[in-house]
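Engineer: For reference, this is entry18.csv, and it has CSV, C-alpha atoms.
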```
chain,number,residue,atom,x,y,z
S,1,MET,CA,280.8,259.7,184.9
S,2,LEU,CA,277.2,259.6,184.1
S,3,SER,CA,274.9,260.9,186.8
S,4,VAL,CA,271.2,260.9,187.0
S,5,LYS,CA,269.4,263.5,189.1
S,6,LYS,CA,266.0,262.7,190.4
S,7,ASN,CA,263.6,265.6,189.7
S,8,ILE,CA,260.1,264.8,190.7
S,9,ALA,CA,258.9,268.0,189.0
S,10,SER,CA,260.1,266.8,185.7
S,11,VAL,CA,258.3,263.4,185.9
S,12,PRO,CA,255.6,263.3,183.2
S,13,ALA,CA,252.0,263.6,184.4
S,14,ALA,CA,251.3,260.1,183.2
S,15,VAL,CA,253.8,258.6,185.6
S,16,LYS,CA,252.5,258.3,189.1
S,17,PRO,CA,254.7,258.8,192.1
S,18,GLY,CA,255.6,255.5,193.7
S,19,SER,CA,255.6,253.7,190.3
S,20,GLN,CA,258.7,251.8,188.9
S,21,ALA,CA,259.8,255.1,187.3
S,22,ASP,CA,260.6,256.4,190.9
S,23,LEU,CA,262.8,253.3,191.7
S,24,PRO,CA,266.6,253.3,191.3
S,25,TRP,CA,267.4,251.9,187.9
S,26,SER,CA,268.2,248.2,187.8
S,27,LEU,CA,268.0,246.0,184.7
S,28,GLU,CA,267.2,243.0,186.9
S,29,GLU,CA,264.2,244.8,188.3
S,30,HIS,CA,263.1,246.7,185.2
S,31,TRP,CA,263.5,244.0,182.5
S,32,PRO,CA,259.8,243.1,182.3
S,33,VAL,CA,259.0,246.8,181.6
S,34,LEU,CA,261.8,246.8,179.0
S,35,VAL,CA,260.6,243.7,177.3
S,36,ALA,CA,257.0,245.0,177.2
S,37,GLY,CA,258.0,248.3,175.8
S,38,LEU,CA,260.3,246.7,173.2
S,39,ALA,CA,257.6,244.3,172.1
S,40,ASP,CA,254.9,247.0,171.8
S,41,GLN,CA,257.2,249.1,169.7
S,42,ILE,CA,258.1,246.2,167.4
S,43,THR,CA,254.5,245.2,166.9
S,44,GLU,CA,253.3,248.8,166.3
S,45,GLY,CA,256.2,249.5,163.9
S,46,ILE,CA,255.7,246.2,162.0
S,47,SER,CA,252.0,246.9,161.6
S,48,ALA,CA,252.8,250.3,160.1
S,49,LEU,CA,255.4,248.8,157.8
S,50,GLN,CA,253.0,246.0,156.6
S,51,ASN,CA,250.4,248.6,155.8
S,52,SER,CA,252.9,250.6,153.7
S,53,ILE,CA,253.9,247.4,151.9
S,54,ASP,CA,250.2,246.6,151.2
S,55,LEU,CA,249.7,250.2,150.0
S,56,LEU,CA,252.6,249.8,147.5
S,57,LEU,CA,250.9,246.7,146.1
S,58,SER,CA,247.5,248.3,145.8
S,59,LYS,CA,249.1,251.2,143.8
S,60,GLU,CA,251.0,248.6,141.7
S,61,ARG,CA,254.3,250.0,142.7
S,62,ILE,CA,255.5,246.5,143.5
S,63,THR,CA,254.6,243.1,142.1
S,64,ARG,CA,252.9,240.4,144.1
S,65,LEU,CA,256.1,238.4,144.2
S,66,GLU,CA,257.9,241.4,145.7
S,67,HIS,CA,255.1,242.0,148.1
S,68,ARG,CA,255.4,238.4,149.3
S,69,ALA,CA,259.2,238.7,149.6
S,70,LEU,CA,258.8,241.8,151.8
S,71,SER,CA,255.9,240.4,153.8
S,72,ILE,CA,257.7,237.2,154.9
S,73,PRO,CA,260.4,238.9,157.1
S,74,THR,CA,257.8,241.4,158.3
S,75,GLU,CA,255.5,238.6,159.5
S,76,ARG,CA,258.5,236.9,161.3
S,77,LEU,CA,259.2,240.2,163.1
S,78,LYS,CA,255.5,240.5,164.0
S,79,VAL,CA,255.4,237.0,165.4
S,80,ALA,CA,258.5,237.7,167.5
S,81,GLY,CA,257.0,240.9,168.9
S,82,ILE,CA,253.7,239.2,169.7
S,83,SER,CA,255.5,236.2,171.3
S,84,ALA,CA,257.5,238.6,173.5
S,85,GLN,CA,254.3,240.4,174.6
S,86,GLN,CA,252.7,237.1,175.4
S,87,ILE,CA,255.7,235.8,177.4
S,88,ASN,CA,255.7,239.0,179.4
S,89,ARG,CA,252.0,238.8,180.1
S,90,PHE,CA,252.1,235.1,181.2
S,91,TYR,CA,255.1,235.8,183.3
S,92,GLY,CA,253.6,238.8,185.0
S,93,GLY,CA,250.4,236.9,185.8
S,94,ARG,CA,248.3,239.3,183.7
S,95,ILE,CA,246.3,236.4,182.1
S,96,ARG,CA,243.1,235.7,184.0
S,97,GLN,CA,242.4,232.0,183.4
S,98,SER,CA,239.0,230.3,183.6
S,99,HIS,CA,239.5,226.5,183.6
S,100,GLU,CA,236.9,225.0,181.4
S,101,LYS,CA,236.3,221.7,179.7
S,102,VAL,CA,237.8,222.0,176.3
S,103,ASP,CA,237.8,219.4,173.5
S,104,MET,CA,241.4,219.6,172.5
S,105,ALA,CA,240.7,217.9,169.1
S,106,GLN,CA,238.3,220.7,168.2
S,107,LEU,CA,240.7,223.3,169.4
S,108,VAL,CA,243.6,221.9,167.5
S,109,GLU,CA,241.5,221.5,164.3
S,110,GLY,CA,240.3,225.1,164.6
S,111,VAL,CA,243.9,226.3,164.8
S,112,LEU,CA,244.9,224.2,161.8
S,113,GLN,CA,241.9,225.5,159.8
S,114,GLU,CA,242.8,229.1,160.6
S,115,ARG,CA,246.4,228.6,159.4
S,116,LYS,CA,245.7,226.5,156.3
S,117,ASN,CA,246.3,229.4,153.9
S,118,GLU,CA,249.6,230.0,155.6
S,119,PHE,CA,250.6,226.4,155.3
S,120,SER,CA,249.6,226.4,151.6
S,121,VAL,CA,251.8,229.5,150.9
S,122,LEU,CA,254.8,227.9,152.7
S,123,GLY,CA,254.3,224.6,150.9
S,124,ILE,CA,253.7,222.8,154.2
S,125,GLU,CA,252.3,219.2,153.9
S,126,LEU,CA,250.0,218.7,156.9
S,127,ARG,CA,248.6,215.4,158.3
S,128,ARG,CA,246.5,215.1,161.4
S,129,LYS,CA,244.9,212.5,163.5
S,130,LEU,CA,242.7,214.0,166.2
S,131,LYS,CA,240.7,212.0,168.7
S,132,PRO,CA,238.2,213.8,171.1
S,133,VAL,CA,239.8,214.4,174.5
S,134,GLU,CA,238.6,216.9,177.0
S,135,VAL,CA,240.9,218.7,179.4
S,136,LEU,CA,240.6,221.5,182.0
S,137,VAL,CA,242.2,224.5,180.4
S,138,ASP,CA,241.5,228.1,179.6
S,139,PRO,CA,240.4,228.2,175.9
S,140,THR,CA,242.5,231.2,175.1
S,141,VAL,CA,245.6,229.7,176.8
S,142,GLY,CA,245.1,226.4,174.9
S,143,TYR,CA,244.7,228.3,171.6
S,144,THR,CA,247.9,230.3,172.3
S,145,PHE,CA,249.8,227.2,173.3
S,146,VAL,CA,248.9,225.2,170.2
S,147,ASN,CA,249.8,228.2,167.9
S,148,ALA,CA,253.2,228.6,169.8
S,149,VAL,CA,253.9,224.9,169.2
S,150,LEU,CA,253.3,225.3,165.5
S,151,ASP,CA,255.3,228.5,165.3
S,152,TRP,CA,258.2,226.7,167.0
S,153,GLY,CA,258.1,223.6,164.7
S,154,LEU,CA,257.4,225.2,161.3
S,155,PRO,CA,261.0,226.3,160.5
S,156,PHE,CA,262.3,222.7,161.0
S,157,GLY,CA,260.6,221.2,158.0
S,158,SER,CA,257.9,221.1,155.4
S,159,ARG,CA,256.0,218.1,156.6
S,160,ILE,CA,254.0,218.3,159.8
S,161,ASP,CA,252.1,215.5,161.6
S,162,VAL,CA,249.7,216.5,164.4
S,163,ARG,CA,248.2,214.0,166.7
S,164,MET,CA,245.8,214.4,169.6
S,165,ASP,CA,244.8,211.4,171.6
S,166,LEU,CA,244.8,209.8,175.0
S,167,ASN,CA,248.1,208.4,176.4
S,168,ALA,CA,248.0,204.7,177.3
S,169,TRP,CA,249.4,205.4,180.8
S,170,PRO,CA,249.0,207.7,182.6
S,171,LYS,CA,245.6,208.5,181.1
S,172,HIS,CA,246.5,212.0,180.0
S,173,ALA,CA,245.5,213.9,176.9
S,174,ARG,CA,248.5,214.0,174.6
S,175,LEU,CA,249.4,216.4,171.8
S,176,GLN,CA,252.2,215.3,169.5
S,177,VAL,CA,253.7,217.3,166.7
S,178,ARG,CA,256.3,215.8,164.4
S,179,VAL,CA,258.1,218.0,161.9
S,180,SER,CA,260.3,216.4,159.2
S,181,ASN,CA,262.3,217.9,156.3
S,182,ASP,CA,262.8,214.9,154.0
S,183,GLY,CA,266.6,215.4,154.1
S,184,LEU,CA,266.4,219.1,153.1
S,185,PRO,CA,268.1,221.7,155.3
S,186,PRO,CA,265.8,223.5,157.8
S,187,SER,CA,264.9,227.2,157.5
S,188,SER,CA,267.5,229.7,158.6
S,189,THR,CA,265.0,230.7,161.3
S,190,ALA,CA,265.0,227.3,162.9
S,191,MET,CA,266.1,227.6,166.5
S,192,MET,CA,265.5,225.1,169.3
S,193,ASP,CA,265.3,227.8,171.9
S,194,SER,CA,263.4,230.4,169.9
S,195,LEU,CA,261.0,232.9,171.3
S,196,SER,CA,258.2,230.5,170.5
S,197,TRP,CA,259.8,227.8,172.6
S,198,VAL,CA,260.2,230.3,175.5
S,199,LEU,CA,256.5,231.0,175.1
S,200,ILE,CA,255.6,227.3,175.2
S,201,ARG,CA,257.6,226.9,178.4
S,202,GLN,CA,256.1,230.0,180.0
S,203,ILE,CA,252.5,228.9,179.2
S,204,ALA,CA,253.1,225.4,180.5
S,205,GLN,CA,254.5,226.9,183.8
S,206,THR,CA,251.8,229.5,184.2
S,207,ALA,CA,248.8,227.4,183.2
S,208,GLY,CA,249.9,224.3,185.1
S,209,GLY,CA,248.9,220.8,184.2
S,210,ILE,CA,250.9,220.7,181.0
S,211,GLU,CA,254.1,218.6,180.8
S,212,ILE,CA,256.2,219.2,177.7
S,213,ASP,CA,259.0,217.3,176.0
S,214,ARG,CA,260.9,217.6,172.7
S,215,GLU,CA,263.6,215.7,170.8
S,216,THR,CA,265.6,216.1,167.6
S,217,THR,CA,265.6,213.5,165.0
S,218,ASP,CA,267.7,212.9,161.8
S,219,ASP,CA,265.1,214.6,159.7
S,220,GLY,CA,263.4,217.1,162.1
S,221,VAL,CA,261.9,217.5,165.6
S,222,ASN,CA,259.3,215.9,167.7
S,223,PHE,CA,257.2,217.6,170.4
S,224,THR,CA,254.9,216.1,173.0
S,225,ALA,CA,252.6,217.8,175.5
S,226,MET,CA,250.8,215.9,178.3
S,227,PHE,CA,247.7,217.5,179.8
S,228,THR,CA,247.4,216.1,183.3
S,229,ARG,CA,244.0,217.7,183.9
S,230,THR,CA,242.3,215.3,181.5
S,231,VAL,CA,238.6,215.1,182.4
S,232,GLN,CA,237.3,212.7,179.8
S,233,ALA,CA,238.8,209.4,179.0
S,234,VAL,CA,238.4,207.9,175.5
S,235,ASP,CA,237.3,204.2,175.8
S,236,GLY,CA,240.3,202.0,174.9
S,237,ILE,CA,240.3,198.6,173.4
S,238,SER,CA,240.7,195.9,176.1
S,239,ALA,CA,239.5,192.8,174.3
S,240,VAL,CA,238.2,191.5,171.0
S,241,GLU,CA,235.1,189.5,171.3
S,242,LEU,CA,235.0,186.4,169.2
S,243,SER,CA,232.0,184.4,167.9
S,244,ASP,CA,231.6,181.3,165.8
S,245,ASP,CA,230.0,183.3,163.0
S,246,HIS,CA,232.9,184.6,160.9
S,247,SER,CA,230.6,186.7,158.7
S,248,SER,CA,229.3,188.8,161.6
S,249,MET,CA,232.5,188.7,163.6
S,250,PHE,CA,234.5,190.4,160.8
S,251,LYS,CA,231.8,192.2,158.9
S,252,SER,CA,233.5,195.6,159.8
S,253,LEU,CA,236.6,194.4,157.7
S,254,SER,CA,234.7,194.8,154.4
S,255,GLY,CA,236.9,196.8,152.0
S,256,VAL,CA,240.1,196.3,154.0
S,257,TYR,CA,243.2,195.6,151.9
S,258,VAL,CA,246.3,193.9,153.3
S,259,LEU,CA,249.8,193.5,151.9
S,260,THR,CA,252.0,190.6,152.9
S,261,VAL,CA,255.8,190.7,152.7
S,262,SER,CA,257.6,187.4,152.9
S,263,SER,CA,260.1,185.5,150.9
S,264,ALA,CA,258.6,182.2,152.0
S,265,LEU,CA,255.9,180.9,149.7
S,266,GLN,CA,254.2,178.9,152.5
S,267,ILE,CA,253.8,181.9,154.7
S,268,ARG,CA,252.4,184.0,151.9
S,269,ALA,CA,249.9,181.2,151.1
S,270,ASP,CA,248.9,180.7,154.8
S,271,VAL,CA,248.3,184.4,155.3
S,272,ARG,CA,246.3,184.7,152.1
S,273,ASP,CA,244.1,181.8,153.1
S,274,ALA,CA,243.6,183.2,156.7
S,275,LEU,CA,242.7,186.6,155.4
S,276,ARG,CA,240.3,185.2,152.8
S,277,GLU,CA,238.4,183.4,155.5
S,278,ILE,CA,237.6,186.7,157.1
S,279,GLY,CA,236.7,188.5,153.9
S,280,VAL,CA,239.9,190.6,153.6
S,281,MET,CA,241.5,191.2,150.2
S,282,SER,CA,245.3,190.8,150.1
S,283,ASP,CA,248.4,190.7,147.8
S,284,SER,CA,251.8,189.5,148.6
S,285,VAL,CA,255.4,190.4,147.6
S,286,VAL,CA,258.8,188.9,148.4
S,287,ASP,CA,260.8,191.9,149.5
S,288,PHE,CA,260.6,195.6,150.5
S,289,GLU,CA,261.5,196.9,147.0
S,290,GLN,CA,258.4,195.1,145.6
S,291,ALA,CA,256.5,196.3,148.7
S,292,ARG,CA,257.3,199.9,147.7
S,293,GLN,CA,256.0,199.4,144.2
S,294,ALA,CA,252.8,197.8,145.6
S,295,VAL,CA,252.2,200.7,148.1
S,296,ARG,CA,252.6,203.2,145.3
S,297,SER,CA,250.0,201.4,143.3
S,298,ARG,CA,247.6,201.0,146.3
S,299,MET,CA,248.0,201.9,149.9
S,300,PRO,CA,247.1,199.0,152.1
S,301,ASN,CA,245.3,199.2,155.5
S,302,LEU,CA,247.8,196.9,157.1
S,303,ILE,CA,251.0,195.1,156.3
S,304,VAL,CA,251.9,191.5,157.4
S,305,VAL,CA,255.7,191.1,157.5
S,306,ASP,CA,257.8,188.0,157.9
S,307,ALA,CA,260.1,188.3,160.9
S,308,GLY,CA,262.9,186.8,158.8
S,309,LEU,CA,262.9,190.0,156.8
S,310,LYS,CA,263.1,192.4,159.7
S,311,GLY,CA,266.3,194.4,159.8
S,312,ASP,CA,267.7,197.7,158.3
S,313,ALA,CA,265.7,197.3,155.1
S,314,PHE,CA,262.5,196.9,157.0
S,315,GLU,CA,263.2,199.9,159.3
S,316,LEU,CA,263.9,202.1,156.2
S,317,PHE,CA,260.7,200.9,154.6
S,318,ARG,CA,258.7,201.6,157.7
S,319,ARG,CA,260.2,205.1,158.1
S,320,GLU,CA,259.3,205.9,154.5
S,321,LEU,CA,255.8,204.7,155.0
S,322,LEU,CA,255.4,206.7,158.2
S,323,ARG,CA,256.2,209.8,156.2
S,324,GLU,CA,253.1,209.2,154.2
S,325,VAL,CA,250.8,208.3,157.0
S,326,PHE,CA,251.0,209.3,160.6
S,327,GLU,CA,250.4,205.9,162.0
S,328,PHE,CA,250.4,202.5,160.3
S,329,PRO,CA,249.7,199.0,161.6
S,330,PHE,CA,251.9,195.9,161.1
S,331,VAL,CA,251.5,192.3,162.1
S,332,GLU,CA,254.7,190.2,162.4
S,333,ILE,CA,254.8,186.5,161.5
S,334,SER,CA,257.3,185.1,164.0
S,335,PRO,CA,259.2,181.8,163.7
S,336,ASP,CA,257.7,180.6,167.0
S,337,ASP,CA,254.8,178.4,165.8
S,338,SER,CA,252.6,179.0,168.8
S,339,SER,CA,253.2,182.7,169.6
S,340,PHE,CA,250.4,185.3,169.7
S,341,ASP,CA,251.0,188.7,171.1
S,342,MET,CA,248.9,191.8,170.8
S,343,SER,CA,250.7,195.1,170.3
S,344,GLY,CA,250.7,198.0,172.7
S,345,PHE,CA,249.7,201.5,171.8
S,346,GLY,CA,253.1,202.9,170.9
S,347,GLU,CA,253.7,204.1,167.4
S,348,LEU,CA,256.3,201.4,166.6
S,349,SER,CA,254.7,198.5,168.5
S,350,MET,CA,253.7,195.4,166.5
S,351,ALA,CA,251.4,192.4,167.0
S,352,LYS,CA,253.0,189.0,166.5
S,353,VAL,CA,251.5,185.7,165.2
S,354,GLY,CA,253.5,182.5,165.1
S,355,ARG,CA,253.9,180.6,161.8
S,356,GLY,CA,251.9,177.7,163.1
S,357,ASN,CA,249.2,179.9,164.4
S,358,ILE,CA,248.3,181.9,161.3
S,359,ARG,CA,244.9,180.4,160.6
S,360,GLU,CA,243.8,180.6,164.2
S,361,ALA,CA,245.1,183.9,165.3
S,362,LEU,CA,245.8,186.2,162.3
S,363,GLY,CA,242.2,187.4,162.0
S,364,THR,CA,242.1,188.5,165.6
S,365,ALA,CA,245.4,190.3,165.3
S,366,VAL,CA,244.3,192.1,162.2
S,367,MET,CA,241.0,193.1,163.8
S,368,PHE,CA,242.8,194.5,166.9
S,369,GLU,CA,245.4,196.4,164.9
S,370,LEU,CA,242.8,198.0,162.7
S,371,ALA,CA,240.5,198.9,165.6
S,372,LYS,CA,243.4,200.9,167.1
S,373,MET,CA,243.4,203.1,164.0
S,374,MET,CA,239.8,204.2,164.4
```
Could you spell out this file's structure in structure tokens?

Structural biologist:
Amino acid sequence: MLSVKKNIASVPAAVKPGSQADLPWSLEEHWPVLVAGLADQITEGISALQNSIDLLLSKERITRLEHRALSIPTERLKVAGISAQQINRFYGGRIRQSHEKVDMAQLVEGVLQERKNEFSVLGIELRRKLKPVEVLVDPTVGYTFVNAVLDWGLPFGSRIDVRMDLNAWPKHARLQVRVSNDGLPPSSTAMMDSLSWVLIRQIAQTAGGIEIDRETTDDGVNFTAMFTRTVQAVDGISAVELSDDHSSMFKSLSGVYVLTVSSALQIRADVRDALREIGVMSDSVVDFEQARQAVRSRMPNLIVVDAGLKGDAFELFRRELLREVFEFPFVEISPDDSSFDMSGFGELSMAKVGRGNIREALGTAVMFELAKMM
């Protein structure tokens, strides 16, 4: 049987009486110290290993390709060690927070700029849409949080969409990260409950005012964070003012290009005439295969779609389009002649204009949908 004798005289001078070293051993009580020590040893060892790898490259003992092959797993181990250190620090309350007004759009953009070389090396395709929103958060905590979200999502795909905006209701700043893999298998390091995810949860709990959610999709993962301590609201669009002067009313639509998808000649003609009245250039096609060809030739600012064509083919077309742009506006031409409904602010919401109301209402619907993209 293993026995441990307590000998105060043999305790190293660096350990003070009354510290955890004097307490009876219990993994439940000592695991934070264990994690901290393990994380410190990992990060120190990995730093030394990376220095040795860099030295081999400088002395031309290995090629750049071999250097990269050795550096990738080394970097992964380093991230794991740093994540463990940060989890332990947040859990132990050793992070002194100073809640300040932070523009999350600037913070997120700063993180993305810092990591752009990494994204380039990994072949990551990045898109972002960042609107200024201020929240009360410690800048360092916010910075660590955004990096942890990216670290968690990166292994799941090679296409990343980052969006920062204001949620419609409740009025909270919202960070969304969507990672897709275009049908390719994710990295072998992809884990839903990785150390990065544990760090995300720990930061949200320690910092307070951050609500997180995630979901898996057919081609990747989605992440959403709501910052409940939002201190600045971005003005939304509550109405579109109309005037009798079409030239001034729609002057901001100069250069806008719209694509219409309908098998009905009359609908295509009515939409073309309505858009021409407000100075918008447009083309029309009869199905989504032609629409794909048109989009490859020129990306429209908005698509008008006949409700009669909505179905699986439309959903596939829209998913393909949303892989190219983070958000895209549609206006539906519905069979109800008098209908006119503005869309909400969800990603998949869509304005509706009745067939008999195209000339009167389409211009307003187009203006509203495009204004939401600003």

Engineer: With all atoms listed in the file as the atoms that count, which of S:Leu199, S:Leu136, S:Ile53, S:Val102 lies nearest to Ile82 of chain S?

Structural biologist: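 Closest candidate: S:Leu199.
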
Engineer: Could you check the closest approach to Arg359 of chain S for each of S:Glu134, S:Glu215, S:Glu125, S:Asp270 and tell me which residue wins, using all atoms listed in the file?

Structural biologist: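 Result for the nearest residue to Arg359 of chain S: S:Asp270.
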
Engineer: Which residue gives the smallest distance to Arg68 of chain S among S:Phe90, S:Leu122, S:Arg127, S:Ser98, with all atoms listed in the file counted?

Structural biologist: S:Leu122

Engineer: Would you pick out the contacts of Pro185 of chain S at 9 Å or less, using only C-alpha atoms, so that residues sharing its chain but fewer than 3 positions from it are not included, and give the list as a PyMOL selection string?

Structural biologist: chain S and resi 156-157+181-182+188+219

Engineer: At what distance in Å, to one decimal, does atom CA of Gln176 of chain S lie from atom CA of Arg128 of chain S?

Structural biologist: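 Result for atom CA of Arg128 of chain S versus atom CA of Gln176 of chain S: 9.9 Å, one decimal.
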
Engineer: Which is closest to Thr206 of chain S among S:Glu327, S:Asp138, S:Glu360, S:Asp218, if we use only C-alpha atoms?

Structural biologist: S:Asp138

Engineer: Find the residue from S:Lys171, S:Arg292, S:Lys101, S:Arg268 that sits nearest to Val305 of chain S; use only C-alpha atoms when measuring.

Structural biologist: S:Arg268

Engineer: Which of these residues is nearest to Phe223 of chain S, using all atoms listed in the file: S:Ala207, S:Val295, S:Met281, S:Leu150?

Structural biologist: S:Leu150

Engineer: I'd like the neighbourhood of segment 62-67 of chain S as a ChimeraX atom specification, where a residue qualifies if any of its atoms comes within 12 Å (using only C-alpha atoms), though same-chain residues fewer than 3 positions away should be ignored.

Structural biologist: /S:49-59,70-75,121

Engineer: Report, in Å with one decimal, the straight-line distance from atom CA of Met191 of chain S to atom CA of Ile160 of chain S.

Structural biologist: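 Computing the Euclidean distance for atom CA of Met191 of chain S and atom CA of Ile160 of chain S yields 16.7 Å.
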
Engineer: Atom CA of Gly279 of chain S and atom CA of Val304 of chain S, how far apart in Å?

Structural biologist: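 Those two atoms sit 15.9 Å apart.
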
Engineer: Excluding Thr228 of chain S and residues on its chain fewer than 5 positions from it, collect all residues at most 7 Å away from it, counting only C-alpha atoms, and give them as number ranges by chain.

Structural biologist: S: 172, 209-210

Engineer: Using C-alpha atoms, can you write the selected residues to a file as a PDB file, in the coordinates of the input?

Structural biologist:
```
ATOM      1  CA  HIS S 172     246.500 212.000 180.000  1.00  0.00           C
ATOM      2  CA  GLY S 209     248.900 220.800 184.200  1.00  0.00           C
ATOM      3  CA  ILE S 210     250.900 220.700 181.000  1.00  0.00           C
TER       4      ILE S 210
END
```
